Each structure stands twice: as C-alpha cells, then as structure tokens.
$ cat structure.cif   # mmCIF, C-alpha atoms and all ligand atoms
data_coords
#
loop_
_atom_site.label_atom_id
_atom_site.label_comp_id
_atom_site.auth_asym_id
_atom_site.auth_seq_id
_atom_site.Cartn_x
_atom_site.Cartn_y
_atom_site.Cartn_z
CA MET W 75 -11.40 15.23 -19.53
CA LYS W 76 -12.34 11.58 -19.08
CA PHE W 77 -10.68 8.78 -17.10
CA SER W 78 -11.45 5.20 -16.24
CA TYR W 79 -11.85 4.89 -12.50
CA TYR W 80 -11.11 1.95 -10.19
CA PRO W 81 -12.85 2.44 -6.81
CA GLY W 82 -12.01 -0.89 -5.13
CA CYS W 83 -14.01 -2.88 -2.58
CA THR W 84 -13.58 -0.79 0.53
CA LEU W 85 -14.79 2.35 -1.24
CA LYS W 86 -18.04 0.51 -1.91
CA THR W 87 -18.51 -0.40 1.75
CA LYS W 88 -16.73 1.11 4.79
CA ALA W 89 -15.13 3.98 2.88
CA LYS W 90 -18.08 5.24 0.86
CA ASP W 91 -17.20 8.83 1.75
CA LEU W 92 -13.78 8.62 0.16
CA ASP W 93 -15.47 7.59 -3.08
CA ALA W 94 -18.57 9.81 -3.03
CA TYR W 95 -16.70 13.05 -2.25
CA GLY W 96 -14.04 12.11 -4.78
CA ARG W 97 -16.60 11.69 -7.55
CA ARG W 98 -18.46 14.87 -6.68
CA ALA W 99 -15.28 16.93 -6.53
CA ALA W 100 -14.06 15.54 -9.85
CA GLU W 101 -17.32 16.53 -11.45
CA ALA W 102 -17.00 20.05 -10.06
CA LEU W 103 -13.54 20.18 -11.63
CA GLY W 104 -14.89 19.16 -15.02
CA ILE W 105 -13.45 15.66 -14.89
CA THR W 106 -15.46 12.58 -15.76
CA LEU W 107 -14.56 9.47 -13.77
CA GLU W 108 -16.05 6.46 -15.49
CA GLU W 109 -16.11 3.44 -13.23
CA LEU W 110 -14.61 0.38 -14.92
CA PRO W 111 -17.20 -2.24 -15.80
CA GLU W 112 -16.93 -5.47 -13.79
CA TRP W 113 -13.71 -4.71 -11.92
CA GLN W 114 -12.55 -7.19 -9.31
CA CYS W 115 -10.84 -6.71 -5.92
CA CYS W 116 -7.12 -5.99 -6.30
CA GLY W 117 -6.34 -8.07 -3.21
CA ALA W 118 -5.25 -5.04 -1.14
CA VAL W 119 -1.58 -6.01 -0.90
CA TYR W 120 0.90 -6.36 -3.74
CA PRO W 121 2.05 -9.97 -4.09
CA MET W 122 5.83 -9.54 -3.99
CA ALA W 123 6.89 -13.05 -4.95
CA LYS W 124 8.01 -13.53 -8.54
CA ASP W 125 5.99 -16.75 -8.88
CA GLU W 126 2.68 -15.22 -7.73
CA ILE W 127 0.65 -14.92 -10.92
CA ALA W 128 -3.00 -15.66 -10.08
CA THR W 129 -3.03 -13.02 -7.33
CA LYS W 130 -1.99 -10.37 -9.87
CA LEU W 131 -4.66 -11.15 -12.47
CA SER W 132 -7.47 -9.00 -11.10
CA SER W 133 -5.21 -5.96 -11.42
CA VAL W 134 -4.23 -6.97 -14.94
CA ARG W 135 -7.91 -7.29 -15.87
CA ALA W 136 -8.56 -3.74 -14.66
CA LEU W 137 -5.56 -2.44 -16.57
CA VAL W 138 -6.61 -4.21 -19.76
CA SER W 139 -10.15 -2.96 -19.40
CA ALA W 140 -8.94 0.67 -19.20
CA ARG W 141 -6.65 0.13 -22.19
CA ASP W 142 -9.48 -1.28 -24.26
CA LEU W 143 -11.58 1.77 -23.39
CA GLY W 144 -8.71 4.00 -24.45
CA ASN W 145 -8.42 5.69 -21.05
CA ASP W 146 -5.83 6.38 -18.40
CA LEU W 147 -6.80 4.74 -15.11
CA VAL W 148 -7.45 6.78 -11.96
CA THR W 149 -7.29 5.13 -8.53
CA LEU W 150 -8.24 6.62 -5.19
CA CYS W 151 -7.54 4.11 -2.40
CA SER W 152 -3.80 4.12 -1.60
CA ALA W 153 -3.68 0.33 -1.40
CA CYS W 154 -5.45 -0.25 -4.73
CA HIS W 155 -3.14 2.29 -6.30
CA HIS W 156 -0.07 0.55 -4.90
CA VAL W 157 -1.16 -2.89 -6.09
CA ILE W 158 -2.35 -1.89 -9.57
CA LYS W 159 0.60 0.38 -10.26
CA ARG W 160 3.15 -2.27 -9.24
CA VAL W 161 1.42 -5.05 -11.16
CA ASN W 162 1.46 -2.74 -14.17
CA GLY W 163 5.20 -2.33 -13.63
CA ASP W 164 5.58 -6.12 -13.63
CA MET W 165 3.65 -6.35 -16.89
CA GLN W 166 6.08 -3.83 -18.38
CA ASN W 167 9.33 -5.18 -16.95
CA ASP W 168 9.02 -8.80 -15.85
CA GLU W 169 8.92 -11.04 -18.87
CA ASN W 170 8.03 -14.16 -16.94
CA ILE W 171 5.04 -12.57 -15.21
CA ARG W 172 3.91 -10.88 -18.43
CA THR W 173 4.05 -14.14 -20.41
CA LYS W 174 2.24 -16.18 -17.78
CA ALA W 175 -0.48 -13.59 -17.19
CA ASN W 176 -1.09 -13.27 -20.92
CA ASN W 177 -1.11 -17.04 -21.42
CA TYR W 178 -3.72 -17.29 -18.73
CA LEU W 179 -5.95 -14.44 -19.84
CA GLN W 180 -5.85 -15.24 -23.59
CA LEU W 181 -6.62 -11.65 -24.57
CA GLU W 182 -7.32 -10.58 -28.11
CA THR W 183 -4.46 -8.11 -27.80
CA PRO W 184 -1.80 -9.16 -25.28
CA TYR W 185 -1.11 -6.70 -22.49
CA ALA W 186 2.33 -5.29 -21.73
CA GLY W 187 1.63 -2.48 -19.26
CA GLU W 188 0.37 0.17 -21.71
CA THR W 189 -2.18 1.72 -19.38
CA LYS W 190 -1.14 4.82 -17.48
CA VAL W 191 -2.13 4.54 -13.82
CA ILE W 192 -2.51 7.73 -11.79
CA HIS W 193 -3.69 8.35 -8.29
CA TYR W 194 -6.42 10.96 -7.75
CA LEU W 195 -3.88 13.24 -6.05
CA GLU W 196 -1.61 12.98 -9.08
CA MET W 197 -4.59 13.86 -11.23
CA LEU W 198 -5.09 17.02 -9.13
CA ARG W 199 -1.40 17.92 -9.36
CA ASP W 200 -0.59 16.94 -12.94
CA VAL W 201 -3.88 17.20 -14.85
CA VAL W 202 -5.89 19.89 -13.05
CA GLY W 203 -2.88 21.67 -11.51
CA PHE W 204 -2.91 23.04 -7.97
CA ASP W 205 -2.99 26.66 -9.22
CA GLU W 206 -6.12 25.91 -11.25
CA LEU W 207 -7.64 24.02 -8.33
CA LYS W 208 -7.07 27.05 -6.13
CA LYS W 209 -9.05 29.22 -8.55
CA LYS W 210 -12.02 26.84 -8.35
CA VAL W 211 -12.18 26.84 -4.56
CA VAL W 212 -15.33 28.64 -3.41
CA ASN W 213 -14.99 27.88 0.26
CA PRO W 214 -11.31 28.15 1.26
CA LEU W 215 -10.61 26.26 4.48
CA LYS W 216 -8.94 29.28 6.09
CA GLY W 217 -7.25 28.84 9.41
CA ARG W 218 -7.42 25.06 9.47
CA LYS W 219 -4.15 23.41 10.47
CA ILE W 220 -3.95 20.13 8.64
CA GLY W 221 -1.34 17.39 8.78
CA ALA W 222 -0.88 15.27 5.66
CA TYR W 223 -0.63 11.58 6.43
CA TYR W 224 1.11 9.89 3.50
CA GLY W 225 1.71 6.45 4.98
CA CYS W 226 3.60 3.85 2.96
CA MET W 227 1.65 2.73 -0.06
CA LEU W 228 1.65 5.88 -2.17
CA LEU W 229 5.34 6.59 -1.72
CA ARG W 230 7.25 3.32 -1.51
CA PRO W 231 9.08 1.79 -3.27
CA SER W 232 9.64 5.16 -4.96
CA LYS W 233 11.44 3.52 -7.86
CA GLU W 234 8.13 1.88 -8.80
CA MET W 235 5.54 4.28 -7.40
CA GLN W 236 7.16 7.51 -8.70
CA PHE W 237 4.59 9.44 -6.74
CA ASP W 238 6.73 12.03 -4.98
CA ASN W 239 9.99 12.33 -3.06
CA PRO W 240 9.59 9.38 -0.64
CA GLU W 241 11.36 11.05 2.29
CA ASN W 242 10.24 14.63 1.79
CA PRO W 243 6.99 14.56 -0.15
CA THR W 244 5.06 17.76 -0.85
CA ILE W 245 2.01 16.76 -2.91
CA ILE W 246 -0.48 16.60 -0.04
CA GLU W 247 0.87 19.79 1.58
CA ASP W 248 0.48 21.53 -1.80
CA PHE W 249 -3.05 20.19 -1.96
CA ILE W 250 -3.77 21.55 1.53
CA LYS W 251 -2.49 24.98 0.46
CA ALA W 252 -4.61 24.89 -2.70
CA ILE W 253 -7.80 24.42 -0.70
CA GLY W 254 -6.88 27.41 1.46
CA ALA W 255 -5.75 25.64 4.64
CA THR W 256 -2.36 25.55 6.38
CA PRO W 257 -0.27 22.38 6.11
CA VAL W 258 1.54 21.21 9.24
CA LEU W 259 4.74 19.24 8.72
CA TYR W 260 5.56 16.48 11.21
CA PRO W 261 8.23 13.79 11.17
CA PHE W 262 6.03 10.67 11.10
CA ARG W 263 3.89 11.63 8.12
CA ASN W 264 5.48 8.92 5.94
CA GLU W 265 5.87 6.21 8.59
CA CYS W 266 3.66 3.12 8.80
CA CYS W 267 0.34 3.13 10.72
CA GLY W 268 0.52 -0.62 11.29
CA GLY W 269 -1.47 -1.52 8.20
CA TYR W 270 -2.94 -4.98 7.93
CA VAL W 271 -1.47 -6.39 11.17
CA THR W 272 -4.33 -4.58 12.87
CA LEU W 273 -6.42 -7.72 12.37
CA SER W 274 -4.12 -10.20 14.11
CA LYS W 275 -1.89 -7.90 16.18
CA LYS W 276 -4.09 -5.03 17.22
CA GLU W 277 -1.71 -3.61 19.83
CA LEU W 278 1.17 -3.37 17.39
CA ALA W 279 -0.95 -1.33 14.99
CA GLN W 280 -2.20 0.78 17.90
CA LYS W 281 1.35 1.58 18.96
CA LYS W 282 2.30 2.64 15.42
CA ALA W 283 -0.78 4.83 14.99
CA ASP W 284 -0.29 6.49 18.37
CA VAL W 285 3.25 7.57 17.48
CA ILE W 286 1.98 9.22 14.30
CA LEU W 287 -0.82 11.07 16.06
CA GLU W 288 1.48 12.28 18.81
CA SER W 289 4.01 13.46 16.28
CA ALA W 290 1.34 15.40 14.37
CA MET W 291 -0.12 16.97 17.51
CA GLU W 292 3.29 18.00 18.78
CA GLN W 293 3.80 20.03 15.61
CA GLY W 294 0.41 21.70 15.99
CA ALA W 295 -1.78 19.77 13.57
CA GLU W 296 -5.46 19.98 14.45
CA GLU W 297 -6.63 17.36 11.97
CA LEU W 298 -5.14 14.80 9.59
CA ILE W 299 -6.01 13.77 6.06
CA THR W 300 -5.41 10.44 4.36
CA ALA W 301 -6.23 8.59 1.12
CA CYS W 302 -6.33 5.13 2.69
CA PRO W 303 -9.27 3.45 4.49
CA LEU W 304 -6.96 1.24 6.53
CA CYS W 305 -4.82 4.20 7.63
CA MET W 306 -8.09 5.94 8.49
CA TYR W 307 -9.12 3.01 10.67
CA ASN W 308 -5.76 2.71 12.39
CA LEU W 309 -5.43 6.44 13.07
CA ASP W 310 -9.04 7.09 13.97
CA ALA W 311 -10.80 4.05 15.38
CA ASN W 312 -7.85 1.96 16.53
CA SER W 313 -5.51 4.54 18.10
CA THR W 314 -5.46 5.18 21.83
CA ALA W 315 -3.58 8.51 21.71
CA HIS W 316 -5.44 11.76 22.27
CA LYS W 317 -7.61 11.88 19.24
CA LEU W 318 -7.25 14.17 16.30
CA PRO W 319 -10.04 14.25 13.72
CA VAL W 320 -9.00 12.28 10.61
CA HIS W 321 -10.65 12.93 7.23
CA TYR W 322 -10.37 11.59 3.74
CA PHE W 323 -8.72 14.24 1.58
CA THR W 324 -11.65 14.08 -0.84
CA GLU W 325 -14.02 15.25 1.88
CA LEU W 326 -12.03 18.45 2.36
CA LEU W 327 -11.73 18.86 -1.38
CA ALA W 328 -15.50 18.61 -1.79
CA GLU W 329 -15.99 21.04 1.07
CA ALA W 330 -13.62 23.58 -0.49
CA LEU W 331 -15.31 23.23 -3.88
CA GLY W 332 -18.71 23.74 -2.28
CA VAL W 333 -20.08 20.31 -3.25
CA LYS W 334 -19.97 18.52 0.11
CA MET L 219 8.94 -35.60 0.58
CA PRO L 220 9.33 -32.17 2.21
CA ALA L 221 11.92 -29.88 0.65
CA THR L 222 15.40 -29.88 2.16
CA GLU L 223 16.76 -26.70 3.68
CA LYS L 224 19.02 -26.27 0.68
CA GLU L 225 16.10 -26.56 -1.73
CA LEU L 226 14.11 -24.12 0.36
CA ALA L 227 16.96 -21.61 0.23
CA GLU L 228 16.98 -21.93 -3.55
CA THR L 229 13.22 -21.34 -3.69
CA ILE L 230 13.46 -18.31 -1.39
CA ARG L 231 16.15 -16.76 -3.58
CA ARG L 232 14.22 -17.46 -6.74
CA ILE L 233 10.78 -16.26 -5.71
CA SER L 234 12.10 -13.20 -3.84
CA GLY L 235 14.40 -12.17 -6.67
CA VAL L 236 16.81 -10.90 -3.98
CA ASP L 237 20.56 -11.12 -4.41
CA THR L 238 21.71 -11.39 -0.79
CA ARG L 239 25.36 -10.89 -1.81
CA LYS L 240 24.66 -7.22 -2.48
CA CYS L 241 24.16 -6.61 1.27
CA MET L 242 26.97 -4.67 2.95
CA LYS L 243 25.60 -5.36 6.44
CA CYS L 244 25.10 -1.71 7.36
CA GLY L 245 21.95 -2.45 9.38
CA LYS L 246 20.01 0.49 7.98
CA CYS L 247 17.03 -1.74 7.14
CA SER L 248 16.73 -2.84 10.76
CA GLY L 249 17.38 0.67 12.04
CA THR L 250 14.43 2.02 10.09
CA CYS L 251 12.04 -0.90 10.62
CA PRO L 252 8.88 0.13 12.51
CA ALA L 253 8.36 -3.45 13.71
CA PHE L 254 11.93 -3.79 15.06
CA GLY L 255 10.79 -4.12 18.66
CA GLU L 256 8.38 -6.94 17.83
CA MET L 257 10.84 -9.06 15.86
CA ASP L 258 13.08 -11.89 17.01
CA ILE L 259 15.08 -11.88 13.76
CA HIS L 260 15.61 -8.43 12.25
CA PRO L 261 15.62 -7.55 8.54
CA HIS L 262 19.44 -7.40 8.14
CA LYS L 263 19.68 -10.78 9.86
CA PHE L 264 17.10 -12.21 7.45
CA VAL L 265 19.39 -11.24 4.62
CA SER L 266 22.46 -12.91 6.10
CA MET L 267 20.56 -16.03 7.19
CA VAL L 268 19.15 -16.54 3.70
CA GLU L 269 22.67 -16.02 2.39
CA LYS L 270 23.86 -18.81 4.70
CA GLY L 271 20.86 -20.99 3.89
CA GLU L 272 19.48 -21.05 7.44
CA ILE L 273 15.86 -21.27 6.35
CA ASP L 274 14.42 -23.66 8.95
CA GLU L 275 15.08 -21.15 11.71
CA LEU L 276 13.66 -18.29 9.64
CA MET L 277 10.48 -20.27 9.06
CA GLN L 278 9.96 -20.34 12.85
CA SER L 279 10.54 -16.59 13.20
CA LYS L 280 7.84 -14.41 14.70
CA SER L 281 9.07 -11.60 12.43
CA LEU L 282 7.13 -13.22 9.59
CA TRP L 283 3.95 -12.14 11.36
CA THR L 284 5.06 -8.73 12.60
CA CYS L 285 6.60 -7.30 9.41
CA LEU L 286 4.21 -4.56 8.28
CA SER L 287 5.25 -4.62 4.61
CA CYS L 288 5.79 -0.89 4.87
CA PHE L 289 8.73 -1.00 2.42
CA ALA L 290 10.85 1.31 4.59
CA CYS L 291 13.68 -1.25 4.45
CA VAL L 292 13.29 -1.48 0.68
CA GLU L 293 13.32 2.28 0.18
CA ARG L 294 16.18 3.02 2.55
CA CYS L 295 18.61 0.19 1.80
CA PRO L 296 21.66 1.79 0.19
CA ARG L 297 22.35 -1.39 -1.79
CA ASN L 298 18.86 -2.05 -3.11
CA VAL L 299 18.64 -5.45 -1.42
CA GLU L 300 14.89 -5.32 -0.66
CA PRO L 301 14.76 -7.30 2.62
CA ALA L 302 10.91 -7.19 2.68
CA ARG L 303 10.90 -9.48 -0.36
CA LEU L 304 12.86 -12.11 1.57
CA ILE L 305 10.49 -11.94 4.51
CA GLU L 306 7.55 -12.35 2.13
CA ALA L 307 9.22 -15.32 0.42
CA VAL L 308 9.83 -17.11 3.73
CA ARG L 309 6.26 -16.32 4.85
CA LEU L 310 5.03 -17.90 1.63
CA ALA L 311 7.26 -20.94 2.14
CA VAL L 312 5.44 -21.44 5.47
CA ILE L 313 1.83 -20.86 4.41
CA ARG L 314 2.16 -22.79 1.17
CA ARG L 315 2.53 -25.91 3.31
CA GLN L 316 -0.70 -27.69 3.89
CA GLY L 317 -2.34 -26.78 7.18
CA GLU L 318 0.14 -23.98 7.94
CA ASN L 319 -2.10 -20.96 7.36
CA TYR L 320 -1.47 -18.31 9.99
CA LEU L 321 -4.97 -16.88 9.71
CA LYS L 322 -8.03 -19.04 9.28
CA ALA L 323 -11.47 -17.98 8.12
CA ASP L 324 -13.21 -19.12 11.31
CA GLN L 325 -11.05 -16.75 13.36
CA ILE L 326 -12.36 -13.72 11.49
CA PRO L 327 -15.78 -13.07 13.13
CA GLU L 328 -14.28 -12.49 16.57
CA LEU L 329 -11.67 -10.11 15.13
CA LEU L 330 -14.19 -7.83 13.45
CA ASP L 331 -15.55 -4.56 14.66
CA GLU L 332 -18.03 -2.10 13.23
CA LYS L 333 -15.49 0.17 11.55
CA LEU L 334 -12.90 -2.31 10.32
CA PRO L 335 -12.48 -1.81 6.56
CA GLN L 336 -12.75 -4.79 4.20
CA GLN L 337 -9.24 -3.94 3.10
CA ALA L 338 -7.89 -5.11 6.49
CA ILE L 339 -9.43 -8.55 6.07
CA THR L 340 -8.43 -8.95 2.44
CA SER L 341 -4.85 -7.91 3.04
CA ALA L 342 -4.44 -10.09 6.14
CA PHE L 343 -5.68 -13.07 4.13
CA ARG L 344 -3.30 -12.32 1.30
CA LYS L 345 -0.43 -12.25 3.75
CA TYR L 346 -1.37 -15.09 6.04
CA SER L 347 -3.37 -17.69 4.12
CA LYS L 348 -3.13 -19.82 1.02
S1 LIG Y 1 8.74 -3.98 5.31
FE1 LIG Y 1 8.77 -5.21 7.20
S2 LIG Y 1 10.94 -5.55 7.62
FE2 LIG Y 1 10.84 -3.89 6.12
S3 LIG Y 1 10.89 -2.03 7.39
FE3 LIG Y 1 8.72 -2.52 7.02
S4 LIG Y 1 8.10 -3.76 8.79
FE4 LIG Y 1 10.35 -3.73 8.75
S1 LIG Y 2 20.04 -1.83 4.57
FE1 LIG Y 2 20.53 -3.14 2.79
S2 LIG Y 2 22.77 -3.27 2.76
FE2 LIG Y 2 22.20 -2.50 4.79
S3 LIG Y 2 22.03 -4.37 6.07
FE3 LIG Y 2 19.98 -3.97 5.25
S4 LIG Y 2 19.86 -5.17 3.40
FE4 LIG Y 2 22.04 -5.04 3.92
#

$ encode --input "structure.cif" --output "structure tokens"
Amino acid sequence: MKFSYYPGCTLKTKAKDLDAYGRRAAEALGITLEELPEWQCCGAVYPMAKDEIATKLSSVRALVSARDLGNDLVTLCSACHHVIKRVNGDMQNDENIRTKANNYLQLETPYAGETKVIHYLEMLRDVVGFDELKKKVVNPLKGRKIGAYYGCMLLRPSKEMQFDNPENPTIIEDFIKAIGATPVLYPFRNECCGGYVTLSKKELAQKKADVILESAMEQGAEELITACPLCMYNLDANSTAHKLPVHYFTELLAEALGVK
Amino acid sequence: MPATEKELAETIRRISGVDTRKCMKCGKCSGTCPAFGEMDIHPHKFVSMVEKGEIDELMQSKSLWTCLSCFACVERCPRNVEPARLIEAVRLAVIRRQGENYLKADQIPELLDEKLPQQAITSAFRKYSK
C-alpha cells in the first residue's frame, strides 16, 4: 500500500522523532509513505477568512501534487492535517476560493479537491485496522497507563475534519489498546493546550496546559501521547504542573512494533 | 481614506462568512471558551457587536490576541454561528492596516527557547502579522 506523505516543517526540525518513528512504523506495517516532492509549509494555522487565497496555496500545491501522483495524502502533524484538510474542503465547496486558487496556479488540470487526505491515525484505523495492528505488535506495552491527548486540530470543526466524535472520541484510546497498553480517560483530553499564543502569551498557554495535565493525572494517567509538536511543547516544556512524560504516538507505535 | 465603521462591518461580515442573525444569544460559545478569563469582550458579545456594527470597539479588544482558535465555540454553538470566524475577521481588519502588526519579526529572538517548535512561530505570524 502506497501513500503520498506530507511531513511539514516542524517534523523536519524540532519534531524529528514524530516523523522518524512514523516512517519506521509504517514500513513495519507494510505501508510505503512517499514524501511529496518540493512541498511547502502549510502555514500551521488554517486561514479562516473567505478572502484569504495566497495563504491557502501551499496546501493546494501539496494536494495537487498528490493527485498528480495518483495517491491519497497522509499527514502526521495535527496542525498540517487541519490546514490541508480544510483547504481541501474549500477547494471542494467554496467556488470563489476554488476559482481564484486555480486562476493563480494555472494548472494543466484544474483542482477541485479530488485528493483524499487522511491523518496517520486514520490510516491505522481505516486502512491497517486496529485488529490487524494488534496482531503485528511484538512488544505489547503491558501495564502502561496512557492518556490520549487529542487537542483541537484533529477534531474540530467536526463537520469539516470528520475525524471522530468531537466530544467523545475513541480513536487514540483504540490505538492505545491495540499496542497493548491501557487507555486512561480524562475530561480535558479534547480541550485546548494554549496553542500558538505560547509565543506572545506564555502564561496563558501554561495555564491551559497545566489544567490538562492535572486532569490526566487525577484520572491515573502515567503518560500522555499526542500527534502535535506544539501540544507536545505546551504540555511538556511549557507546563508548570507536576510533570507527566509526553510522547508522540508514533514513538509508542514503533516501540510496540519492535522498530524503535 | 480609512474605512468607515459601517464599511468595516460589511467587510467583517463578508470575509467571515458569518450570519450573525442566526445567533440565539444562549452564551454557550462563551461558556465553553478556554480563553474566557483573559477576554474583555467574550465570543457571544462579538457576535452581537458585529450585528450592531460596533466594530471600532471590537478592533481595540484584547480578545483578538487571547482567542486560541481552538474552535470550541464553533463546534459547540447550537446555531452554527462560528464566532471564531468573526474574531479572526476583526483581527485581520486590524493587522491589514499598515503598521498595525501585533507581532514583529524583531521581537522573535527574545521569545525563542531551545524546544520551541517552528510551528509556534509560523502560526503566531499567520495570526498576528501581515
Ligand atoms: S476559538 Fe477563540 S473564542 Fe472560540 S472558544 Fe476557542 S478561544 Fe474561545
Ligand atoms: S453559542 Fe452560538 S447561538 Fe449561542 S450565543 Fe454563541 S454564537 Fe450565539
């Protein structure tokens, strides 16, 4: 099984682990992730305004590139996934944005949102299947109590992201079970870690991250997993609450598959 | 000539795509907002002030810089109003004015630390600079 793969900037720099473990684990699962040639930064936040066109073009280029290669597009960073998936939605549903982006790009074949965009976790659930994944685990993470941190970007707005139930998601808990560990549910798993305000309003992000960590610890989580480098930073480096170890989910996946 | 408040209100409605008349003023958006405590004007109030065309005051609001774009208000609004889109539109109305960037490149070095992901810088620039 082959996919085009969009790593994004942060996975090439501060979040190399998220990428490296993700690639290794995919290989162990018999999936080929082919990095898109010459992709550009998605911009990290989805430009919500209807008249923002230029800021959406890098995502459109990635989408077109995958289409031309005849592949579905796999993302791994939550923020990249959010941006690219929503821009793809605009290319399908917003005639004004679609026309302007196409006028600008002057493609041989105009683009109208044909590429299917899936997050790595969706690939595990819908392509590999968690039951199959479970069979391939050589090193089950028995006895580890893991809290899933979903954050915002994968789930909301659910109408566009269609990732999972936005208020009671299960995909990461199912993943945790598949790798042999015990998922720990806690109320703040889908609340915001403070995101990008961490740069200009550090204390606000700190406050948000602390609430999440406290909530997870109260319910007995001994570690957290995330798919987002900025969530990782806010929960791990920026928080002031009693620390819990935070890992990228791909690291635990690689560990369970014996390719760490 | 700078845009009048009425013209600005038009622009905000157009670029946000939000129909403020759908709001039933239940306050759920503000109730669920994780930045509630750091805002002077709360999401439900944004909706009614845009409805009334009170844009000048919104453009001064500190909420523009504390909204986390977490989309909780978008997800949980029973009327599908999408308040976060209005906040983004007003934020854009501010930073699209010359010299009104909230974050400037020369501020960045002192804000960096060893572990800060590139994503934090890129997204803050997207939100705060034009
Ligand atoms: S998107 Fe902004 S206004 Fe809406 S709930 Fe999140 S922080 Fe509050
Ligand atoms: S949740 Fe929706 S309907 Fe209720 S006050 Fe907010 S915008 Fe209006």

$ residues_around --input "structure.cif" --residues "Asn177 in chain W" --least-positions-apart "6" --cutoff "12 Å" --atoms "only C-alpha atoms" --output "list of chain:residue names"
W:Ile127, W:Ala128, W:Leu131, W:Glu169, W:Asn170, W:Ile171, W:Thr183, W:Pro184, W:Tyr185

$ interface_residues --input "structure.cif" --of "chain L" --to "chain W" --cutoff "7 Å" --atoms "only C-alpha atoms" --output "list in words"
Ile233, Ser234, Gly235, Leu286, Cys288, Phe289, Val292, Glu293, Arg303, Glu306, Ala307, Leu329, Lys333, Leu334, Pro335, Gln336, Gln337, Ala338, Thr340, Ser341, Ala342 and Arg344 of chain L

$ residues_near_ligand --input "structure.cif" --ligand "ligand LIG 2 (chain Y)" --cutoff "7 Å" --atoms "all atoms listed in the file" --output "ChimeraX atom specification"
/L:240-248,261-262,265,291,294-301

$ closest_residue --input "structure.cif" --among "L:Leu226, L:Val312, L:Ala253, L:Ile259" --to "ligand LIG 1 (chain Y)" --atoms "all atoms listed in the file"
L:Ala253

$ residues_around --input "structure.cif" --residues "Leu110 in chain W" --least-positions-apart "5" --cutoff "10 Å" --atoms "all atoms listed in the file" --output "list in words"
Phe77, Ser78, Tyr79, Tyr80, Pro81, Ala136, Leu137, Ser139, Ala140, Leu143 and Leu147 of chain W

$ residues_around --input "structure.cif" --residues "Glu188 in chain W" --least-positions-apart "3" --cutoff "9 Å" --atoms "all atoms listed in the file" --output "list in words"
Leu137, Val138, Arg141, Asn162, Met165, Gln166 and Tyr185 of chain W

$ write_last_selection --input "structure.cif" --atoms "C-alpha atoms" --output "PDB file, in the frame of the given file"
ATOM      1  CA  LEU W 137      -5.560  -2.440 -16.570  1.00  0.00           C
ATOM      2  CA  VAL W 138      -6.610  -4.210 -19.760  1.00  0.00           C
ATOM      3  CA  ARG W 141      -6.650   0.130 -22.190  1.00  0.00           C
ATOM      4  CA  ASN W 162       1.460  -2.740 -14.170  1.00  0.00           C
ATOM      5  CA  MET W 165       3.650  -6.350 -16.890  1.00  0.00           C
ATOM      6  CA  GLN W 166       6.080  -3.830 -18.380  1.00  0.00           C
ATOM      7  CA  TYR W 185      -1.110  -6.700 -22.490  1.00  0.00           C
TER       8      TYR W 185
END

$ atom_distance --input "structure.cif" --atom1 "CA of Phe204 in chain W" --atom2 "CA of Ala252 in chain W"
5.8 Å

$ residues_around --input "structure.cif" --residues "Ile192 in chain W" --least-positions-apart "5" --cutoff "9 Å" --atoms "only C-alpha atoms" --output "short mmCIF file (atom, residue, chain, number, x, y, z; two decimals) with C-alpha atoms, keeping the file's coordinate frame"
data_model
loop_
_atom_site.label_atom_id
_atom_site.label_comp_id
_atom_site.auth_asym_id
_atom_site.auth_seq_id
_atom_site.Cartn_x
_atom_site.Cartn_y
_atom_site.Cartn_z
CA ASP W 146 -5.83 6.38 -18.40
CA LEU W 147 -6.80 4.74 -15.11
CA VAL W 148 -7.45 6.78 -11.96
CA THR W 149 -7.29 5.13 -8.53
CA LEU W 150 -8.24 6.62 -5.19
CA HIS W 155 -3.14 2.29 -6.30
CA LYS W 159 0.60 0.38 -10.26
CA MET W 197 -4.59 13.86 -11.23
CA PHE W 237 4.59 9.44 -6.74
#

$ closest_residue --input "structure.cif" --among "L:Gln325, L:Asn319, L:Ser347, L:Thr229" --to "Ile273 in chain L" --atoms "only C-alpha atoms"
L:Thr229

$ closest_residue --input "structure.cif" --among "W:Ser313, W:Ser152, W:Ile158, W:Arg263" --to "Lys281 in chain W" --atoms "all atoms listed in the file"
W:Ser313

$ atom_distance --input "structure.cif" --atom1 "CA of Lys209 in chain W" --atom2 "CA of Ile253 in chain W"
9.3 Å

$ closest_residue --input "structure.cif" --among "L:Ala302, L:Val236, L:Val308, L:Ile313" --to "ligand LIG 1 (chain Y)" --atoms "all atoms listed in the file"
L:Ala302

$ atom_distance --input "structure.cif" --atom1 "CA of Gly249 in chain L" --atom2 "CA of Leu259 in chain W"
22.7 Å
